[in-house]
Amino acid sequence: MIEGFFNCSIMARAQKKGIAEIHIHNLRDYTTDKYRRVDDYPFGGCAGMVMKIEPIARCISALKEERHYDEIIFTTPDGEQFDQPMANTLSMKENLMILCGHFKGIDYRIREHFITKEISIGDYVLTGGELAAAVITDSIVRIIPGVISDEQSALSDSFQDNLLAPPVYTRPAEYNGWKVPDILLSGHEAKIREWEFQQSLERTQKLRPDLLKDK
Ligand code: ADE
């Protein structure tokens, strides 16, 4: 499901350039029974299936023998809300492991004994944690210096500095009578930066006033 995603576009380029390494592990490869089962019925008789402890414990232990992990992350809707500051912090780490949840959940002992950080990408429930892991990885990798060709462009993203990004335009300067703001064509670098900052502030006040509350 996520192999294709990581082999495309900027994620693929980051790996080719040797800036990031992304390895995907299939928990079924860490089973020992002939059906390669990774889930089982929950104790207590409630509905749904739960991911078994042994394949996950075996996989995590095997990976930990190969390298030190700064965080072992579990993707779950009841985790800490993922945001740009968290992406920034995680992008400065050396090695991260992300365990994708599935079915009704994973045996809680994994969370108690192996997981160092639990992350939710939003207040909604996905079928599995793979897409959440892809979202988290993408946002972490893209801000590593050298991944995006113009490093400045990652720094001027929305949410860096708790502000939404200003509007951007490209050629033609006029289309269908719709004009690009004059200031952007003026060549006054300082005035343009000031305009962009004011636009960021106005858009944030209008669209996401909650972001300005901590300021
Ligand atoms: N798995 C299922 N839903 C999720 C969410 N919202 N965030 C992270 N992992 C999840």
# chains A, B, ... in the order shown; residues from 1 in each chain; ligands from 1
call {"tool": "residues_near_ligand", "arguments": {"ligand": "ligand 1", "cutoff": "8 Å", "atoms": "only C-alpha atoms and all ligand atoms", "output": "tab-separated table (two decimals) with N, CA, C and O atoms, in the first residue's frame"}}
result
chain	number	residue	atom	x	y	z
A	74	PHE	N	3.88	4.59	17.37
A	74	PHE	CA	2.69	3.81	17.02
A	74	PHE	C	1.63	4.78	16.50
A	74	PHE	O	1.36	5.80	17.14
A	75	THR	N	1.06	4.49	15.33
A	75	THR	CA	0.02	5.36	14.78
A	75	THR	C	-1.34	4.90	15.30
A	75	THR	O	-1.73	3.75	15.11
A	76	THR	N	-2.04	5.81	15.96
A	76	THR	CA	-3.31	5.44	16.58
A	76	THR	C	-4.17	6.69	16.77
A	76	THR	O	-3.65	7.76	17.09
A	77	PRO	N	-5.50	6.56	16.58
A	77	PRO	CA	-6.34	7.75	16.75
A	77	PRO	C	-6.33	8.31	18.17
A	77	PRO	O	-6.67	9.48	18.37
A	78	ASP	N	-5.92	7.52	19.16
A	78	ASP	CA	-5.88	8.06	20.52
A	78	ASP	C	-4.48	8.56	20.92
A	78	ASP	O	-4.20	8.79	22.09
A	79	GLY	N	-3.62	8.77	19.92
A	79	GLY	CA	-2.28	9.29	20.20
A	79	GLY	C	-2.24	10.82	20.28
A	79	GLY	O	-3.27	11.49	20.13
A	100	CYS	N	2.49	0.52	12.34
A	100	CYS	CA	1.15	0.88	11.88
A	100	CYS	C	0.13	-0.04	12.56
A	100	CYS	O	0.23	-1.26	12.46
A	101	GLY	N	-0.82	0.55	13.22
A	101	GLY	CA	-1.89	-0.24	13.83
A	101	GLY	C	-2.84	-0.75	12.77
A	101	GLY	O	-2.83	-0.31	11.62
A	102	HIS	N	-3.66	-1.72	13.13
A	102	HIS	CA	-4.67	-2.24	12.21
A	102	HIS	C	-5.77	-2.92	12.99
A	102	HIS	O	-5.68	-3.05	14.20
A	119	ILE	N	1.10	8.55	18.04
A	119	ILE	CA	0.73	9.72	17.25
A	119	ILE	C	-0.59	9.49	16.50
A	119	ILE	O	-0.78	8.45	15.87
A	120	SER	N	-1.47	10.50	16.56
A	120	SER	CA	-2.68	10.53	15.75
A	120	SER	C	-2.51	11.62	14.69
A	120	SER	O	-1.95	12.67	14.98
A	121	ILE	N	-2.99	11.36	13.48
A	121	ILE	CA	-2.91	12.43	12.46
A	121	ILE	C	-4.22	13.21	12.39
A	121	ILE	O	-4.38	14.08	11.54
A	122	GLY	N	-5.16	12.93	13.26
A	122	GLY	CA	-6.40	13.71	13.27
A	122	GLY	C	-7.53	12.95	13.94
A	122	GLY	O	-7.43	11.73	14.15
A	123	ASP	N	-8.59	13.68	14.27
A	123	ASP	CA	-9.71	13.07	14.99
A	123	ASP	C	-10.67	12.37	14.03
A	123	ASP	O	-11.81	12.82	13.83
A	124	TYR	N	-10.20	11.32	13.41
A	124	TYR	CA	-11.02	10.46	12.56
A	124	TYR	C	-10.33	9.11	12.54
A	124	TYR	O	-9.15	9.01	12.89
A	125	VAL	N	-11.06	8.08	12.16
A	125	VAL	CA	-10.46	6.74	12.22
A	125	VAL	C	-10.21	6.20	10.81
A	125	VAL	O	-11.11	6.18	9.97
A	126	LEU	N	-8.98	5.81	10.56
A	126	LEU	CA	-8.60	5.18	9.29
A	126	LEU	C	-8.70	3.67	9.44
A	126	LEU	O	-8.70	3.15	10.56
A	127	THR	N	-8.72	2.97	8.32
A	127	THR	CA	-8.78	1.50	8.37
A	127	THR	C	-7.51	0.95	9.02
A	127	THR	O	-7.55	-0.05	9.72
A	128	GLY	N	-6.41	1.59	8.74
A	128	GLY	CA	-5.15	1.12	9.31
A	128	GLY	C	-4.20	2.29	9.47
A	128	GLY	O	-4.48	3.40	9.01
A	129	GLY	N	-3.07	2.03	10.10
A	129	GLY	CA	-2.13	3.11	10.37
A	129	GLY	C	-1.18	3.42	9.23
A	129	GLY	O	-0.35	4.32	9.32
A	130	GLU	N	-1.29	2.66	8.11
A	130	GLU	CA	-0.31	2.85	7.02
A	130	GLU	C	-0.35	4.27	6.44
A	130	GLU	O	0.69	4.88	6.21
A	131	LEU	N	-1.57	4.75	6.18
A	131	LEU	CA	-1.66	6.10	5.61
A	131	LEU	C	-1.15	7.13	6.62
A	131	LEU	O	-0.48	8.09	6.24
A	132	ALA	N	-1.44	6.91	7.89
A	132	ALA	CA	-0.93	7.83	8.92
A	132	ALA	C	0.60	7.80	8.91
A	132	ALA	O	1.26	8.84	8.97
A	133	ALA	N	1.19	6.61	8.80
A	133	ALA	CA	2.66	6.49	8.77
A	133	ALA	C	3.22	7.19	7.55
A	133	ALA	O	4.27	7.85	7.62
call {"tool": "select_by_dssp", "arguments": {"residues": "stretch 27-215 of chain A", "states": "strand (DSSP E or B)", "output": "PyMOL selection string"}}
result
chain A and resi 39-40+50-51+71-81+96-100+105-106+117-120+174-175+178-179
call {"tool": "write_last_selection", "arguments": {"atoms": "N, CA, C and O atoms", "output": "short mmCIF file (atom, residue, chain, number, x, y, z; two decimals), in the first residue's frame"}}
result
data_model
loop_
_atom_site.label_atom_id
_atom_site.label_comp_id
_atom_site.auth_asym_id
_atom_site.auth_seq_id
_atom_site.Cartn_x
_atom_site.Cartn_y
_atom_site.Cartn_z
N ASP A 39 -3.13 -11.56 13.52
CA ASP A 39 -4.22 -11.08 14.38
C ASP A 39 -4.94 -12.26 15.04
O ASP A 39 -4.79 -13.40 14.61
N ASP A 40 -5.71 -11.96 16.07
CA ASP A 40 -6.43 -13.01 16.80
C ASP A 40 -7.63 -12.38 17.49
O ASP A 40 -7.73 -11.15 17.58
N VAL A 50 -7.54 -8.35 17.02
CA VAL A 50 -6.45 -7.60 17.64
C VAL A 50 -5.13 -8.13 17.11
O VAL A 50 -4.97 -9.34 16.94
N MET A 51 -4.19 -7.26 16.85
CA MET A 51 -2.89 -7.72 16.36
C MET A 51 -2.11 -8.39 17.47
O MET A 51 -2.02 -7.88 18.59
N GLU A 71 13.02 6.94 18.42
CA GLU A 71 11.61 6.79 18.81
C GLU A 71 11.04 5.55 18.13
O GLU A 71 11.36 5.27 16.97
N ILE A 72 10.18 4.85 18.86
CA ILE A 72 9.38 3.79 18.25
C ILE A 72 7.94 4.27 18.34
O ILE A 72 7.35 4.36 19.42
N ILE A 73 7.43 4.67 17.18
CA ILE A 73 6.15 5.37 17.11
C ILE A 73 5.03 4.39 16.75
O ILE A 73 5.22 3.49 15.93
N PHE A 74 3.88 4.59 17.37
CA PHE A 74 2.69 3.81 17.02
C PHE A 74 1.63 4.78 16.50
O PHE A 74 1.36 5.80 17.14
N THR A 75 1.06 4.49 15.33
CA THR A 75 0.02 5.36 14.78
C THR A 75 -1.34 4.90 15.30
O THR A 75 -1.73 3.75 15.11
N THR A 76 -2.04 5.81 15.96
CA THR A 76 -3.31 5.44 16.58
C THR A 76 -4.17 6.69 16.77
O THR A 76 -3.65 7.76 17.09
N PRO A 77 -5.50 6.56 16.58
CA PRO A 77 -6.34 7.75 16.75
C PRO A 77 -6.33 8.31 18.17
O PRO A 77 -6.67 9.48 18.37
N ASP A 78 -5.92 7.52 19.16
CA ASP A 78 -5.88 8.06 20.52
C ASP A 78 -4.48 8.56 20.92
O ASP A 78 -4.20 8.79 22.09
N GLY A 79 -3.62 8.77 19.92
CA GLY A 79 -2.28 9.29 20.20
C GLY A 79 -2.24 10.82 20.28
O GLY A 79 -3.27 11.49 20.13
N GLU A 80 -1.03 11.33 20.48
CA GLU A 80 -0.82 12.78 20.52
C GLU A 80 -1.04 13.34 19.11
O GLU A 80 -0.60 12.74 18.13
N GLN A 81 -1.69 14.49 19.02
CA GLN A 81 -2.02 15.07 17.71
C GLN A 81 -0.75 15.50 16.96
O GLN A 81 0.05 16.29 17.49
N LEU A 96 13.98 6.41 13.12
CA LEU A 96 12.63 6.31 13.66
C LEU A 96 12.00 5.00 13.17
O LEU A 96 12.21 4.61 12.03
N MET A 97 11.25 4.37 14.04
CA MET A 97 10.48 3.20 13.62
C MET A 97 9.01 3.57 13.79
O MET A 97 8.64 4.17 14.79
N ILE A 98 8.21 3.24 12.80
CA ILE A 98 6.77 3.52 12.91
C ILE A 98 6.00 2.21 12.79
O ILE A 98 6.12 1.51 11.78
N LEU A 99 5.26 1.88 13.82
CA LEU A 99 4.42 0.69 13.80
C LEU A 99 3.01 1.12 13.42
O LEU A 99 2.42 1.98 14.08
N CYS A 100 2.49 0.52 12.34
CA CYS A 100 1.15 0.88 11.88
C CYS A 100 0.13 -0.04 12.56
O CYS A 100 0.23 -1.26 12.46
N GLY A 105 -7.05 -2.96 17.01
CA GLY A 105 -5.96 -2.42 17.82
C GLY A 105 -4.84 -3.42 17.89
O GLY A 105 -4.86 -4.44 17.20
N ILE A 106 -3.84 -3.13 18.69
CA ILE A 106 -2.75 -4.09 18.87
C ILE A 106 -2.74 -4.48 20.34
O ILE A 106 -3.20 -3.72 21.20
N LYS A 117 6.33 6.59 21.56
CA LYS A 117 5.52 7.76 21.19
C LYS A 117 4.30 7.30 20.40
O LYS A 117 4.44 6.50 19.46
N GLU A 118 3.11 7.81 20.76
CA GLU A 118 1.89 7.43 20.05
C GLU A 118 1.35 8.68 19.35
O GLU A 118 1.18 9.72 19.97
N ILE A 119 1.10 8.55 18.04
CA ILE A 119 0.73 9.72 17.25
C ILE A 119 -0.59 9.49 16.50
O ILE A 119 -0.78 8.45 15.87
N SER A 120 -1.47 10.50 16.56
CA SER A 120 -2.68 10.53 15.75
C SER A 120 -2.51 11.62 14.69
O SER A 120 -1.95 12.67 14.98
N GLU A 174 -1.25 38.32 -15.86
CA GLU A 174 -2.69 38.56 -15.99
C GLU A 174 -3.30 37.42 -16.77
O GLU A 174 -2.79 37.01 -17.80
N TYR A 175 -4.40 36.87 -16.25
CA TYR A 175 -5.11 35.80 -16.94
C TYR A 175 -6.59 36.09 -16.85
O TYR A 175 -7.11 36.27 -15.73
N TRP A 178 -7.69 38.62 -14.52
CA TRP A 178 -7.35 38.45 -13.10
C TRP A 178 -5.86 38.72 -12.94
O TRP A 178 -5.01 38.01 -13.49
N LYS A 179 -5.56 39.77 -12.13
CA LYS A 179 -4.18 40.23 -12.05
C LYS A 179 -3.48 39.74 -10.79
O LYS A 179 -4.10 39.63 -9.73
#
call {"tool": "select_by_dssp", "arguments": {"residues": "stretch 13-80 of chain A", "states": "helix (DSSP H, G or I)", "output": "number ranges by chain"}}
result
A: 13-16, 27-30, 53-66
call {"tool": "residues_around", "arguments": {"residues": "A:Ile56", "least_positions_apart": "5", "cutoff": "8 Å", "atoms": "only C-alpha atoms", "output": "list in words"}}
result
Leu27, Tyr30 and Ile110 of chain A
call {"tool": "write_last_selection", "arguments": {"atoms": "N, CA, C and O atoms", "output": "tab-separated table (two decimals), in the first residue's frame"}}
result
chain	number	residue	atom	x	y	z
A	27	LEU	N	4.84	-7.52	8.81
A	27	LEU	CA	4.79	-8.29	10.06
A	27	LEU	C	4.57	-9.79	9.82
A	27	LEU	O	4.97	-10.62	10.64
A	30	TYR	N	7.37	-12.13	10.24
A	30	TYR	CA	7.84	-12.43	11.61
A	30	TYR	C	6.89	-13.38	12.33
A	30	TYR	O	6.93	-13.51	13.54
A	110	ILE	N	2.33	-4.35	23.77
A	110	ILE	CA	3.29	-3.74	22.83
A	110	ILE	C	3.42	-2.25	23.14
A	110	ILE	O	4.51	-1.70	23.19
call {"tool": "atom_distance", "arguments": {"atom1": "atom CA of A:Thr116", "atom2": "atom CA of A:Glu21"}}
result
20.7 Å
call {"tool": "atom_distance", "arguments": {"atom1": "atom CA of A:Leu184", "atom2": "atom CA of A:Gln205"}}
result
22.0 Å
call {"tool": "atom_distance", "arguments": {"atom1": "atom CA of A:Cys59", "atom2": "atom CA of A:Phe5"}}
result
22.5 Å
call {"tool": "residues_around", "arguments": {"residues": "stretch 16-20 of chain A", "least_positions_apart": "5", "cutoff": "12 Å", "atoms": "only C-alpha atoms", "output": "ChimeraX atom specification"}}
result
/A:6-11,91-96,137-138,140-149
call {"tool": "write_last_selection", "arguments": {"atoms": "N, CA, C and O atoms", "output": "mmCIF file, in the first residue's frame"}}
result
data_model
loop_
_atom_site.group_PDB
_atom_site.id
_atom_site.type_symbol
_atom_site.label_atom_id
_atom_site.label_comp_id
_atom_site.auth_asym_id
_atom_site.auth_seq_id
_atom_site.Cartn_x
_atom_site.Cartn_y
_atom_site.Cartn_z
ATOM 1 N N PHE A 6 6.181 5.777 -1.371
ATOM 2 C CA PHE A 6 7.555 6.156 -1.038
ATOM 3 C C PHE A 6 8.495 6.083 -2.245
ATOM 4 O O PHE A 6 9.613 6.565 -2.189
ATOM 5 N N ASN A 7 8.035 5.418 -3.312
ATOM 6 C CA ASN A 7 8.880 5.323 -4.511
ATOM 7 C C ASN A 7 8.551 6.386 -5.542
ATOM 8 O O ASN A 7 8.921 6.274 -6.706
ATOM 9 N N CYS A 8 7.800 7.390 -5.140
ATOM 10 C CA CYS A 8 7.401 8.459 -6.071
ATOM 11 C C CYS A 8 7.964 9.794 -5.639
ATOM 12 O O CYS A 8 8.190 10.027 -4.451
ATOM 13 N N SER A 9 8.137 10.657 -6.621
ATOM 14 C CA SER A 9 8.321 12.085 -6.391
ATOM 15 C C SER A 9 9.411 12.411 -5.361
ATOM 16 O O SER A 9 10.499 11.845 -5.388
ATOM 17 N N ILE A 10 9.096 13.303 -4.451
ATOM 18 C CA ILE A 10 10.113 13.837 -3.534
ATOM 19 C C ILE A 10 10.632 12.767 -2.571
ATOM 20 O O ILE A 10 11.817 12.737 -2.234
ATOM 21 N N MET A 11 9.765 11.843 -2.149
ATOM 22 C CA MET A 11 10.221 10.778 -1.243
ATOM 23 C C MET A 11 11.248 9.882 -1.947
ATOM 24 O O MET A 11 12.243 9.470 -1.357
ATOM 25 N N SER A 91 12.173 15.311 12.598
ATOM 26 C CA SER A 91 13.069 15.345 11.437
ATOM 27 C C SER A 91 14.532 15.474 11.862
ATOM 28 O O SER A 91 15.434 15.215 11.073
ATOM 29 N N MET A 92 14.757 15.880 13.103
ATOM 30 C CA MET A 92 16.149 16.008 13.571
ATOM 31 C C MET A 92 16.676 14.712 14.190
ATOM 32 O O MET A 92 17.837 14.627 14.576
ATOM 33 N N LYS A 93 15.832 13.705 14.287
ATOM 34 C CA LYS A 93 16.270 12.413 14.849
ATOM 35 C C LYS A 93 17.002 11.604 13.784
ATOM 36 O O LYS A 93 16.868 11.852 12.581
ATOM 37 N N GLU A 94 17.746 10.611 14.259
ATOM 38 C CA GLU A 94 18.540 9.775 13.352
ATOM 39 C C GLU A 94 17.678 8.638 12.763
ATOM 40 O O GLU A 94 17.510 8.521 11.571
ATOM 41 N N ASN A 95 17.146 7.803 13.658
ATOM 42 C CA ASN A 95 16.366 6.641 13.214
ATOM 43 C C ASN A 95 15.016 6.600 13.907
ATOM 44 O O ASN A 95 14.943 6.736 15.133
ATOM 45 N N LEU A 96 13.982 6.408 13.123
ATOM 46 C CA LEU A 96 12.626 6.307 13.662
ATOM 47 C C LEU A 96 12.000 5.003 13.175
ATOM 48 O O LEU A 96 12.209 4.611 12.032
ATOM 49 N N THR A 137 5.754 10.310 7.761
ATOM 50 C CA THR A 137 7.065 10.182 7.114
ATOM 51 C C THR A 137 7.273 11.286 6.082
ATOM 52 O O THR A 137 8.330 11.917 6.035
ATOM 53 N N ASP A 138 6.250 11.518 5.271
ATOM 54 C CA ASP A 138 6.362 12.566 4.239
ATOM 55 C C ASP A 138 6.691 13.917 4.874
ATOM 56 O O ASP A 138 7.616 14.612 4.450
ATOM 57 N N ILE A 140 8.032 14.593 7.710
ATOM 58 C CA ILE A 140 9.346 14.607 8.366
ATOM 59 C C ILE A 140 10.463 14.692 7.322
ATOM 60 O O ILE A 140 11.392 15.488 7.437
ATOM 61 N N VAL A 141 10.353 13.860 6.288
ATOM 62 C CA VAL A 141 11.442 13.765 5.303
ATOM 63 C C VAL A 141 11.568 15.051 4.484
ATOM 64 O O VAL A 141 12.668 15.526 4.213
ATOM 65 N N ARG A 142 10.434 15.662 4.118
ATOM 66 C CA ARG A 142 10.499 16.826 3.220
ATOM 67 C C ARG A 142 11.206 18.031 3.828
ATOM 68 O O ARG A 142 11.687 18.890 3.109
ATOM 69 N N ILE A 143 11.300 18.068 5.181
ATOM 70 C CA ILE A 143 11.983 19.217 5.790
ATOM 71 C C ILE A 143 13.450 18.936 6.131
ATOM 72 O O ILE A 143 14.132 19.801 6.665
ATOM 73 N N ILE A 144 13.938 17.747 5.811
ATOM 74 C CA ILE A 144 15.375 17.493 6.014
ATOM 75 C C ILE A 144 16.127 18.318 4.957
ATOM 76 O O ILE A 144 15.774 18.260 3.771
ATOM 77 N N PRO A 145 17.132 19.100 5.379
ATOM 78 C CA PRO A 145 17.844 19.934 4.409
ATOM 79 C C PRO A 145 18.339 19.120 3.212
ATOM 80 O O PRO A 145 18.889 18.036 3.387
ATOM 81 N N GLY A 146 18.097 19.651 2.016
ATOM 82 C CA GLY A 146 18.552 18.982 0.797
ATOM 83 C C GLY A 146 17.455 18.188 0.102
ATOM 84 O O GLY A 146 17.599 17.811 -1.055
ATOM 85 N N VAL A 147 16.362 17.908 0.797
ATOM 86 C CA VAL A 147 15.298 17.108 0.174
ATOM 87 C C VAL A 147 14.514 17.958 -0.823
ATOM 88 O O VAL A 147 14.321 17.572 -1.971
ATOM 89 N N ILE A 148 14.084 19.125 -0.382
ATOM 90 C CA ILE A 148 13.439 20.063 -1.306
ATOM 91 C C ILE A 148 14.542 20.959 -1.850
ATOM 92 O O ILE A 148 15.365 21.454 -1.082
ATOM 93 N N SER A 149 14.573 21.154 -3.167
ATOM 94 C CA SER A 149 15.728 21.837 -3.760
ATOM 95 C C SER A 149 15.944 23.234 -3.182
ATOM 96 O O SER A 149 17.047 23.606 -2.851
#
call {"tool": "closest_residue", "arguments": {"among": "A:Ser200, A:Ala134, A:Arg58, A:Pro172", "to": "A:Glu3", "atoms": "only C-alpha atoms"}}
result
A:Ala134
call {"tool": "closest_residue", "arguments": {"among": "A:Ser139, A:Asn162, A:Arg36, A:Gln15", "to": "A:Lys213", "atoms": "only C-alpha atoms"}}
result
A:Asn162
